[in-house]
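J.: This is my_file_29.cif (mmCIF, N, CA and C atoms).
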data_target
#
loop_
_atom_site.label_atom_id
_atom_site.label_comp_id
_atom_site.auth_asym_id
_atom_site.auth_seq_id
_atom_site.Cartn_x
_atom_site.Cartn_y
_atom_site.Cartn_z
N MET A 1 -16.17 -22.13 36.22
CA MET A 1 -15.75 -22.41 34.88
C MET A 1 -16.62 -23.52 34.31
N THR A 2 -17.11 -23.31 33.11
CA THR A 2 -17.96 -24.29 32.45
C THR A 2 -17.15 -25.08 31.45
N GLU A 3 -17.27 -26.39 31.49
CA GLU A 3 -16.55 -27.21 30.53
C GLU A 3 -17.55 -27.88 29.61
N THR A 4 -17.16 -28.05 28.37
CA THR A 4 -18.00 -28.76 27.43
C THR A 4 -17.62 -30.24 27.46
N ALA A 5 -18.41 -31.05 26.75
CA ALA A 5 -18.16 -32.49 26.71
C ALA A 5 -16.79 -32.81 26.15
N SER A 6 -16.26 -31.93 25.28
CA SER A 6 -14.96 -32.19 24.68
C SER A 6 -13.81 -31.80 25.61
N GLY A 7 -14.13 -31.26 26.75
CA GLY A 7 -13.10 -30.91 27.72
C GLY A 7 -12.55 -29.50 27.58
N GLY A 8 -13.05 -28.70 26.62
CA GLY A 8 -12.57 -27.33 26.42
C GLY A 8 -13.24 -26.36 27.35
N SER A 9 -12.96 -25.10 27.21
CA SER A 9 -13.52 -24.08 28.09
C SER A 9 -14.82 -23.50 27.55
N GLY A 10 -15.33 -24.01 26.44
CA GLY A 10 -16.57 -23.50 25.89
C GLY A 10 -16.36 -22.51 24.76
N ARG A 11 -15.16 -22.01 24.60
CA ARG A 11 -14.86 -21.08 23.52
C ARG A 11 -14.43 -21.87 22.29
N GLU A 12 -14.74 -21.30 21.14
CA GLU A 12 -14.30 -21.90 19.89
C GLU A 12 -12.78 -21.82 19.80
N PRO A 13 -12.12 -22.81 19.19
CA PRO A 13 -10.66 -22.77 19.07
C PRO A 13 -10.15 -21.51 18.38
N GLY A 14 -10.89 -21.02 17.40
CA GLY A 14 -10.46 -19.82 16.69
C GLY A 14 -10.53 -18.55 17.52
N ASP A 15 -11.22 -18.60 18.66
CA ASP A 15 -11.37 -17.43 19.53
C ASP A 15 -10.36 -17.41 20.67
N ARG A 16 -9.50 -18.37 20.74
CA ARG A 16 -8.53 -18.46 21.82
C ARG A 16 -7.22 -17.83 21.37
N GLY A 17 -6.95 -16.66 21.82
CA GLY A 17 -5.73 -15.96 21.46
C GLY A 17 -6.02 -14.66 20.74
N ARG A 18 -4.97 -13.97 20.37
CA ARG A 18 -5.09 -12.65 19.78
C ARG A 18 -4.25 -12.58 18.51
N THR A 19 -4.74 -11.88 17.52
CA THR A 19 -4.01 -11.69 16.27
C THR A 19 -3.67 -10.21 16.13
N THR A 20 -2.41 -9.92 15.88
CA THR A 20 -2.01 -8.53 15.61
C THR A 20 -1.47 -8.46 14.19
N ILE A 21 -1.69 -7.33 13.56
CA ILE A 21 -1.25 -7.11 12.19
C ILE A 21 -0.31 -5.91 12.18
N ALA A 22 0.88 -6.11 11.68
CA ALA A 22 1.89 -5.04 11.65
C ALA A 22 1.54 -3.99 10.61
N ASP A 23 1.99 -2.76 10.86
CA ASP A 23 1.78 -1.67 9.92
C ASP A 23 2.28 -2.04 8.53
N GLY A 24 3.44 -2.69 8.47
CA GLY A 24 4.04 -3.05 7.18
C GLY A 24 3.18 -4.00 6.36
N VAL A 25 2.44 -4.86 7.01
CA VAL A 25 1.54 -5.78 6.31
C VAL A 25 0.45 -4.99 5.61
N VAL A 26 -0.17 -4.07 6.33
CA VAL A 26 -1.23 -3.25 5.75
C VAL A 26 -0.66 -2.36 4.65
N GLU A 27 0.55 -1.86 4.83
CA GLU A 27 1.18 -1.02 3.81
C GLU A 27 1.42 -1.79 2.51
N LYS A 28 1.84 -3.04 2.62
CA LYS A 28 2.05 -3.86 1.43
C LYS A 28 0.74 -4.14 0.70
N ILE A 29 -0.28 -4.50 1.45
CA ILE A 29 -1.59 -4.77 0.85
C ILE A 29 -2.10 -3.53 0.13
N ALA A 30 -2.02 -2.38 0.79
CA ALA A 30 -2.49 -1.12 0.21
C ALA A 30 -1.67 -0.73 -1.02
N GLY A 31 -0.36 -0.92 -0.95
CA GLY A 31 0.50 -0.58 -2.08
C GLY A 31 0.18 -1.40 -3.31
N LEU A 32 -0.01 -2.70 -3.13
CA LEU A 32 -0.36 -3.57 -4.25
C LEU A 32 -1.73 -3.20 -4.82
N ALA A 33 -2.69 -2.95 -3.93
CA ALA A 33 -4.04 -2.60 -4.39
C ALA A 33 -4.05 -1.28 -5.15
N ALA A 34 -3.27 -0.31 -4.71
CA ALA A 34 -3.20 1.00 -5.39
C ALA A 34 -2.59 0.85 -6.78
N ARG A 35 -1.57 0.02 -6.90
CA ARG A 35 -0.90 -0.18 -8.19
C ARG A 35 -1.79 -0.87 -9.22
N GLU A 36 -2.81 -1.58 -8.76
CA GLU A 36 -3.73 -2.28 -9.67
C GLU A 36 -4.62 -1.31 -10.45
N VAL A 37 -4.75 -0.09 -9.98
CA VAL A 37 -5.67 0.87 -10.58
C VAL A 37 -5.05 1.49 -11.84
N VAL A 38 -5.82 1.47 -12.92
CA VAL A 38 -5.38 2.08 -14.17
C VAL A 38 -5.24 3.59 -13.96
N GLY A 39 -4.11 4.14 -14.39
CA GLY A 39 -3.85 5.57 -14.23
C GLY A 39 -2.82 5.86 -13.16
N VAL A 40 -2.53 4.86 -12.31
CA VAL A 40 -1.47 5.03 -11.31
C VAL A 40 -0.17 4.60 -11.97
N HIS A 41 0.72 5.57 -12.15
CA HIS A 41 2.01 5.27 -12.80
C HIS A 41 3.02 4.72 -11.79
N ALA A 42 3.06 5.31 -10.61
CA ALA A 42 4.04 4.91 -9.59
C ALA A 42 3.54 5.32 -8.22
N MET A 43 4.20 4.80 -7.22
CA MET A 43 3.91 5.17 -5.83
C MET A 43 5.13 5.88 -5.28
N GLY A 44 4.88 6.84 -4.41
CA GLY A 44 5.98 7.52 -3.74
C GLY A 44 6.23 8.89 -4.31
N SER A 45 7.40 9.41 -4.03
CA SER A 45 7.75 10.78 -4.39
C SER A 45 7.65 11.03 -5.88
N GLY A 46 7.18 12.19 -6.22
CA GLY A 46 7.03 12.56 -7.62
C GLY A 46 8.33 12.91 -8.30
N SER A 47 9.35 13.22 -7.57
CA SER A 47 10.63 13.59 -8.17
C SER A 47 11.25 12.39 -8.85
N GLY A 48 11.57 12.55 -10.12
CA GLY A 48 12.19 11.46 -10.86
C GLY A 48 13.47 10.99 -10.21
N LEU A 49 14.26 11.93 -9.71
CA LEU A 49 15.51 11.57 -9.05
C LEU A 49 15.24 10.76 -7.79
N SER A 50 14.22 11.17 -7.02
CA SER A 50 13.88 10.42 -5.81
C SER A 50 13.41 9.02 -6.14
N ARG A 51 12.61 8.89 -7.21
CA ARG A 51 12.15 7.56 -7.62
C ARG A 51 13.32 6.71 -8.06
N THR A 52 14.28 7.31 -8.75
CA THR A 52 15.45 6.57 -9.20
C THR A 52 16.25 6.06 -8.02
N PHE A 53 16.55 6.94 -7.05
CA PHE A 53 17.29 6.52 -5.87
C PHE A 53 16.52 5.47 -5.09
N GLY A 54 15.20 5.63 -5.01
CA GLY A 54 14.38 4.65 -4.31
C GLY A 54 14.43 3.29 -4.97
N ALA A 55 14.41 3.27 -6.30
CA ALA A 55 14.49 2.01 -7.02
C ALA A 55 15.83 1.34 -6.80
N VAL A 56 16.90 2.11 -6.78
CA VAL A 56 18.23 1.56 -6.53
C VAL A 56 18.29 1.03 -5.10
N ARG A 57 17.80 1.79 -4.15
CA ARG A 57 17.81 1.39 -2.74
C ARG A 57 17.04 0.10 -2.55
N ASP A 58 15.90 -0.06 -3.26
CA ASP A 58 15.09 -1.26 -3.11
C ASP A 58 15.79 -2.50 -3.64
N ARG A 59 16.72 -2.32 -4.57
CA ARG A 59 17.42 -3.48 -5.14
C ARG A 59 18.61 -3.92 -4.31
N VAL A 60 19.03 -3.11 -3.37
CA VAL A 60 20.15 -3.45 -2.51
C VAL A 60 19.60 -4.20 -1.29
N PRO A 61 20.13 -5.40 -1.01
CA PRO A 61 19.64 -6.14 0.16
C PRO A 61 19.75 -5.29 1.43
N GLY A 62 18.65 -5.20 2.16
CA GLY A 62 18.63 -4.41 3.38
C GLY A 62 18.65 -2.92 3.13
N GLY A 63 18.37 -2.51 1.90
CA GLY A 63 18.49 -1.11 1.52
C GLY A 63 17.32 -0.24 1.89
N GLY A 64 16.26 -0.78 2.38
CA GLY A 64 15.13 0.04 2.77
C GLY A 64 13.83 -0.71 2.59
N LYS A 65 12.75 0.03 2.65
CA LYS A 65 11.42 -0.55 2.50
C LYS A 65 11.30 -1.26 1.16
N ALA A 66 10.55 -2.31 1.14
CA ALA A 66 10.28 -2.99 -0.12
C ALA A 66 9.54 -2.04 -1.04
N GLY A 67 9.79 -2.16 -2.33
CA GLY A 67 9.15 -1.28 -3.30
C GLY A 67 7.65 -1.33 -3.25
N VAL A 68 7.10 -2.47 -2.82
CA VAL A 68 5.66 -2.64 -2.78
C VAL A 68 4.99 -1.65 -1.82
N SER A 69 5.64 -1.29 -0.75
CA SER A 69 5.03 -0.39 0.22
C SER A 69 5.54 1.05 0.11
N ARG A 70 6.37 1.33 -0.91
CA ARG A 70 6.84 2.71 -1.10
C ARG A 70 5.65 3.61 -1.38
N GLY A 71 5.62 4.75 -0.72
CA GLY A 71 4.53 5.70 -0.91
C GLY A 71 3.30 5.41 -0.08
N VAL A 72 3.40 4.47 0.86
CA VAL A 72 2.26 4.10 1.70
C VAL A 72 2.67 4.18 3.16
N LYS A 73 1.84 4.80 3.97
CA LYS A 73 2.05 4.85 5.42
C LYS A 73 0.75 4.44 6.09
N ALA A 74 0.83 3.47 6.98
CA ALA A 74 -0.35 2.98 7.68
C ALA A 74 -0.20 3.16 9.18
N GLU A 75 -1.30 3.46 9.82
CA GLU A 75 -1.38 3.45 11.28
C GLU A 75 -2.41 2.40 11.62
N VAL A 76 -1.98 1.36 12.32
CA VAL A 76 -2.86 0.23 12.60
C VAL A 76 -3.15 0.17 14.09
N GLY A 77 -4.44 0.12 14.42
CA GLY A 77 -4.88 -0.09 15.79
C GLY A 77 -5.39 -1.51 15.95
N GLU A 78 -6.15 -1.75 17.01
CA GLU A 78 -6.66 -3.10 17.25
C GLU A 78 -7.74 -3.49 16.26
N THR A 79 -8.60 -2.53 15.88
CA THR A 79 -9.71 -2.86 14.99
C THR A 79 -9.81 -1.94 13.78
N GLN A 80 -8.99 -0.90 13.73
CA GLN A 80 -9.08 0.09 12.66
C GLN A 80 -7.70 0.43 12.12
N THR A 81 -7.70 0.98 10.89
CA THR A 81 -6.45 1.45 10.30
C THR A 81 -6.73 2.71 9.48
N ALA A 82 -5.73 3.56 9.37
CA ALA A 82 -5.80 4.76 8.54
C ALA A 82 -4.57 4.75 7.64
N LEU A 83 -4.75 5.18 6.39
CA LEU A 83 -3.68 5.10 5.40
C LEU A 83 -3.42 6.43 4.73
N ASP A 84 -2.15 6.70 4.44
CA ASP A 84 -1.73 7.84 3.62
C ASP A 84 -0.98 7.27 2.44
N LEU A 85 -1.39 7.66 1.22
CA LEU A 85 -0.75 7.18 0.00
C LEU A 85 -0.24 8.37 -0.80
N GLU A 86 0.91 8.19 -1.43
CA GLU A 86 1.47 9.20 -2.33
C GLU A 86 1.60 8.52 -3.69
N ILE A 87 0.94 9.10 -4.71
CA ILE A 87 0.94 8.47 -6.02
C ILE A 87 1.38 9.42 -7.12
N VAL A 88 1.83 8.83 -8.22
CA VAL A 88 2.13 9.55 -9.45
C VAL A 88 1.13 9.02 -10.47
N VAL A 89 0.40 9.93 -11.12
CA VAL A 89 -0.61 9.50 -12.09
C VAL A 89 -0.11 9.72 -13.51
N ASP A 90 -0.70 8.96 -14.44
CA ASP A 90 -0.39 9.13 -15.86
C ASP A 90 -1.08 10.39 -16.38
N TYR A 91 -0.41 11.09 -17.29
CA TYR A 91 -0.98 12.29 -17.90
C TYR A 91 -2.26 11.92 -18.66
N GLY A 92 -3.26 12.76 -18.53
CA GLY A 92 -4.49 12.61 -19.29
C GLY A 92 -5.62 11.92 -18.53
N VAL A 93 -5.31 11.29 -17.41
CA VAL A 93 -6.37 10.64 -16.65
C VAL A 93 -7.03 11.64 -15.71
N SER A 94 -8.25 11.35 -15.32
CA SER A 94 -8.94 12.18 -14.33
C SER A 94 -8.36 11.85 -12.96
N ILE A 95 -7.69 12.81 -12.36
CA ILE A 95 -7.07 12.58 -11.06
C ILE A 95 -8.13 12.23 -10.02
N ARG A 96 -9.24 12.92 -10.08
CA ARG A 96 -10.33 12.63 -9.13
C ARG A 96 -10.81 11.19 -9.27
N ALA A 97 -10.99 10.72 -10.51
CA ALA A 97 -11.47 9.36 -10.75
C ALA A 97 -10.42 8.33 -10.32
N VAL A 98 -9.15 8.60 -10.60
CA VAL A 98 -8.09 7.68 -10.19
C VAL A 98 -8.03 7.61 -8.66
N ALA A 99 -8.08 8.74 -8.01
CA ALA A 99 -8.02 8.77 -6.54
C ALA A 99 -9.20 8.00 -5.94
N ARG A 100 -10.37 8.18 -6.52
CA ARG A 100 -11.55 7.46 -6.03
C ARG A 100 -11.37 5.95 -6.21
N ALA A 101 -10.88 5.54 -7.39
CA ALA A 101 -10.68 4.12 -7.66
C ALA A 101 -9.62 3.52 -6.74
N VAL A 102 -8.54 4.28 -6.50
CA VAL A 102 -7.50 3.83 -5.58
C VAL A 102 -8.08 3.64 -4.19
N ARG A 103 -8.81 4.64 -3.74
CA ARG A 103 -9.41 4.58 -2.40
C ARG A 103 -10.30 3.34 -2.26
N GLU A 104 -11.17 3.11 -3.26
CA GLU A 104 -12.09 1.97 -3.21
C GLU A 104 -11.33 0.65 -3.22
N ASN A 105 -10.33 0.52 -4.09
CA ASN A 105 -9.59 -0.73 -4.21
C ASN A 105 -8.77 -1.01 -2.95
N VAL A 106 -8.16 0.03 -2.39
CA VAL A 106 -7.36 -0.13 -1.18
C VAL A 106 -8.25 -0.53 0.00
N ILE A 107 -9.35 0.16 0.17
CA ILE A 107 -10.26 -0.16 1.29
C ILE A 107 -10.76 -1.60 1.16
N SER A 108 -11.18 -1.98 -0.03
CA SER A 108 -11.69 -3.33 -0.25
C SER A 108 -10.64 -4.38 0.08
N ALA A 109 -9.42 -4.21 -0.43
CA ALA A 109 -8.36 -5.20 -0.21
C ALA A 109 -7.96 -5.29 1.26
N VAL A 110 -7.76 -4.14 1.90
CA VAL A 110 -7.31 -4.15 3.29
C VAL A 110 -8.39 -4.73 4.21
N GLU A 111 -9.64 -4.32 4.02
CA GLU A 111 -10.70 -4.84 4.89
C GLU A 111 -10.93 -6.33 4.66
N ARG A 112 -10.85 -6.78 3.41
CA ARG A 112 -11.07 -8.19 3.09
C ARG A 112 -9.96 -9.06 3.69
N MET A 113 -8.72 -8.60 3.59
CA MET A 113 -7.60 -9.44 4.03
C MET A 113 -7.29 -9.35 5.52
N THR A 114 -7.63 -8.23 6.15
CA THR A 114 -7.24 -8.04 7.55
C THR A 114 -8.41 -7.99 8.52
N SER A 115 -9.61 -7.75 8.01
CA SER A 115 -10.81 -7.54 8.84
C SER A 115 -10.71 -6.26 9.68
N LEU A 116 -9.74 -5.41 9.38
CA LEU A 116 -9.66 -4.10 10.03
C LEU A 116 -10.59 -3.14 9.31
N GLU A 117 -11.18 -2.23 10.04
CA GLU A 117 -11.99 -1.17 9.43
C GLU A 117 -11.05 -0.06 8.96
N VAL A 118 -11.12 0.28 7.69
CA VAL A 118 -10.32 1.38 7.16
C VAL A 118 -11.11 2.66 7.38
N VAL A 119 -10.61 3.53 8.26
CA VAL A 119 -11.35 4.74 8.61
C VAL A 119 -11.08 5.88 7.64
N GLU A 120 -9.89 5.89 7.00
CA GLU A 120 -9.61 6.91 6.00
C GLU A 120 -8.43 6.49 5.13
N VAL A 121 -8.49 6.95 3.88
CA VAL A 121 -7.38 6.77 2.94
C VAL A 121 -7.11 8.14 2.34
N ASN A 122 -6.04 8.78 2.78
CA ASN A 122 -5.65 10.09 2.26
C ASN A 122 -4.69 9.88 1.09
N ILE A 123 -4.95 10.56 -0.01
CA ILE A 123 -4.13 10.39 -1.21
C ILE A 123 -3.51 11.72 -1.60
N ALA A 124 -2.20 11.71 -1.76
CA ALA A 124 -1.48 12.89 -2.24
C ALA A 124 -0.94 12.55 -3.63
N VAL A 125 -1.34 13.33 -4.62
CA VAL A 125 -0.82 13.15 -5.98
C VAL A 125 0.39 14.06 -6.09
N SER A 126 1.58 13.44 -6.19
CA SER A 126 2.81 14.23 -6.13
C SER A 126 3.39 14.55 -7.51
N ASP A 127 2.89 13.89 -8.57
CA ASP A 127 3.44 14.16 -9.89
C ASP A 127 2.52 13.58 -10.96
N VAL A 128 2.74 14.02 -12.19
CA VAL A 128 2.05 13.49 -13.36
C VAL A 128 3.12 12.99 -14.30
N LYS A 129 2.99 11.74 -14.74
CA LYS A 129 3.95 11.14 -15.69
C LYS A 129 3.52 11.54 -17.10
N LEU A 130 4.36 12.34 -17.76
CA LEU A 130 4.08 12.79 -19.12
C LEU A 130 4.42 11.69 -20.12
N PRO A 131 3.69 11.64 -21.25
CA PRO A 131 3.92 10.56 -22.21
C PRO A 131 5.33 10.54 -22.77
N ASP A 132 5.96 11.70 -22.94
CA ASP A 132 7.30 11.73 -23.54
C ASP A 132 8.43 11.65 -22.51
N GLU A 133 8.09 11.54 -21.22
CA GLU A 133 9.09 11.40 -20.17
C GLU A 133 9.57 9.96 -20.13
N PRO A 134 10.87 9.74 -20.13
CA PRO A 134 11.34 8.35 -20.01
C PRO A 134 11.13 7.85 -18.58
N ASP A 135 10.89 6.56 -18.46
CA ASP A 135 10.85 5.98 -17.13
C ASP A 135 12.24 6.05 -16.56
N GLU A 136 12.34 6.40 -15.29
CA GLU A 136 13.65 6.64 -14.72
C GLU A 136 14.13 5.50 -13.84
N GLU A 137 13.64 4.30 -14.13
CA GLU A 137 14.13 3.14 -13.39
C GLU A 137 15.54 2.84 -13.88
N PRO A 138 16.50 2.74 -13.01
CA PRO A 138 17.87 2.46 -13.44
C PRO A 138 17.99 1.03 -13.94
N GLU A 139 18.89 0.83 -14.87
CA GLU A 139 19.15 -0.52 -15.35
C GLU A 139 19.99 -1.25 -14.31
N SER A 140 19.70 -2.52 -14.16
CA SER A 140 20.46 -3.33 -13.22
C SER A 140 21.87 -3.56 -13.77
N ARG A 141 22.85 -3.51 -12.89
CA ARG A 141 24.22 -3.78 -13.31
C ARG A 141 24.48 -5.28 -13.31
N LEU A 142 23.55 -6.05 -12.73
CA LEU A 142 23.72 -7.49 -12.66
C LEU A 142 23.12 -8.14 -13.89
N GLN A 143 23.74 -9.21 -14.37
CA GLN A 143 23.21 -9.92 -15.54
C GLN A 143 23.01 -11.36 -15.22
#
Take the structure in the file and write it out as structure tokens.

T.:
Amino acid sequence: MTETASGGSGREPGDRGRTTIADGVVEKIAGLAAREVVGVHAMGSGSGLSRTFGAVRDRVPGGGKAGVSRGVKAEVGETQTALDLEIVVDYGVSIRAVARAVRENVISAVERMTSLEVVEVNIAVSDVKLPDEPDEEPESRLQ
């Protein structure tokens, strides 16, 4: 064993130990990054009823996944991650362009914040939000 003058083992302090990143952390980062893209109306199931129930569930303490990671599934390994996203796009936008922008923004954010290599981002467009469709977020009963 080699010791340095400072009495350490020769390794930098930042190299002593291991860092693990939970799937949920990557899912939150990806969900926020996807929502930043113009043309993404919502994340998750395209069914208005499903979105409504999901919004209600998210407002109940302990009711399920945080809204930020809804529509995102991550598989995280030691050095790589793969993501599946389900999005609802606004009517009139180029779905191909939105998907490309989402992919780029998600990869950039996840790699920058976690140092994991993003090997793939699969995007499923489950619905299109029409201009005359009302948003189906339920009103809060709390005031």

J.: Work out how far apart atom C of Ser108 in chain A and atom N of Asp90 in chain A are and give it in Å to one decimal.

T.: 22.1 Å

J.: On this file, the PyMOL selection byres ((chain A and resi 68-72) around 6) gives some set of residues; write that set as a PyMOL selection string.

T.: chain A and resi 27-28+31-32+43-45+65-67+73-74+84-86

J.: Residues within 6.5 Å of range 34-41 of chain A, please, as a VMD selection string. Count all atoms listed in the file; anything in the same chain fewer than 3 positions from it doesn't count.

T.: chain A and resid 29 to 31 87 to 90 93 98 101 to 102 105 to 106

J.: In Å to one decimal, how far is CA of Ala33 in chain A from CA of Arg18 in chain A?

T.: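 CA of Ala33 in chain A lies at a distance of 26.2 Å from CA of Arg18 in chain A.
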
J.: May I ask for the distance between atom N of Glu117 in chain A and atom C of Glu104 in chain A, given in Å to one decimal place?

T.: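 Between these atoms lies a distance of 13.6 Å.
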
J.: Can you give me, as a ChimeraX atom specification, the residues this file yields under the PyMOL selection byres (((chain A and resi 120 and name CA) around 7) and name CA)?

T.: /A:82-83,118-119,121-122

J.: Would you save the residues from that selection as a short mmCIF file (atom, residue, chain, number, x, y, z; two decimals), keeping the file's coordinate frame, using N, CA and C atoms?

T.:
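Written out: again.cif:
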data_model
loop_
_atom_site.label_atom_id
_atom_site.label_comp_id
_atom_site.auth_asym_id
_atom_site.auth_seq_id
_atom_site.Cartn_x
_atom_site.Cartn_y
_atom_site.Cartn_z
N ALA A 82 -5.73 3.56 9.37
CA ALA A 82 -5.80 4.76 8.54
C ALA A 82 -4.57 4.75 7.64
N LEU A 83 -4.75 5.18 6.39
CA LEU A 83 -3.68 5.10 5.40
C LEU A 83 -3.42 6.43 4.73
N VAL A 118 -11.12 0.28 7.69
CA VAL A 118 -10.32 1.38 7.16
C VAL A 118 -11.11 2.66 7.38
N VAL A 119 -10.61 3.53 8.26
CA VAL A 119 -11.35 4.74 8.61
C VAL A 119 -11.08 5.88 7.64
N VAL A 121 -8.49 6.95 3.88
CA VAL A 121 -7.38 6.77 2.94
C VAL A 121 -7.11 8.14 2.34
N ASN A 122 -6.04 8.78 2.78
CA ASN A 122 -5.65 10.09 2.26
C ASN A 122 -4.69 9.88 1.09
#

J.: Restricting the calculation to only C-alpha atoms: of A:Leu116, A:Ala99, A:Thr81, A:Glu75, which residue gets closest to Thr19 in chain A?

T.: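 When distances to Thr19 in chain A are compared using only C-alpha atoms, the smallest one comes from A:Leu116.
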
J.: Select all residues near (3.0, 14.0, -10.0) (cut-off 5 Å, inclusive, file coordinates), counting only N, CA and C atoms, and output them as a ChimeraX atom specification.

T.: /A:46,88-89,125-128

J.: Assuming 6 Å of padding per side, give the centre and edge lengths of the axis-aligned box around every listed atom of range 67-71 of chain A, in Å to one decimal and as lines of an AutoDock Vina configuration file.

T.:
center_x = 6.5
center_y = 1.5
center_z = -1.5
size_x = 18.5
size_y = 20.3
size_z = 15.5

J.: Using only N, CA and C atoms, can you tell me which of A:Ala42, A:Leu130, A:Arg103, A:Glu78 comes closest to Thr20 in chain A?

T.: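 Once distances to Thr20 in chain A are computed over only N, CA and C atoms, the minimum belongs to A:Glu78.
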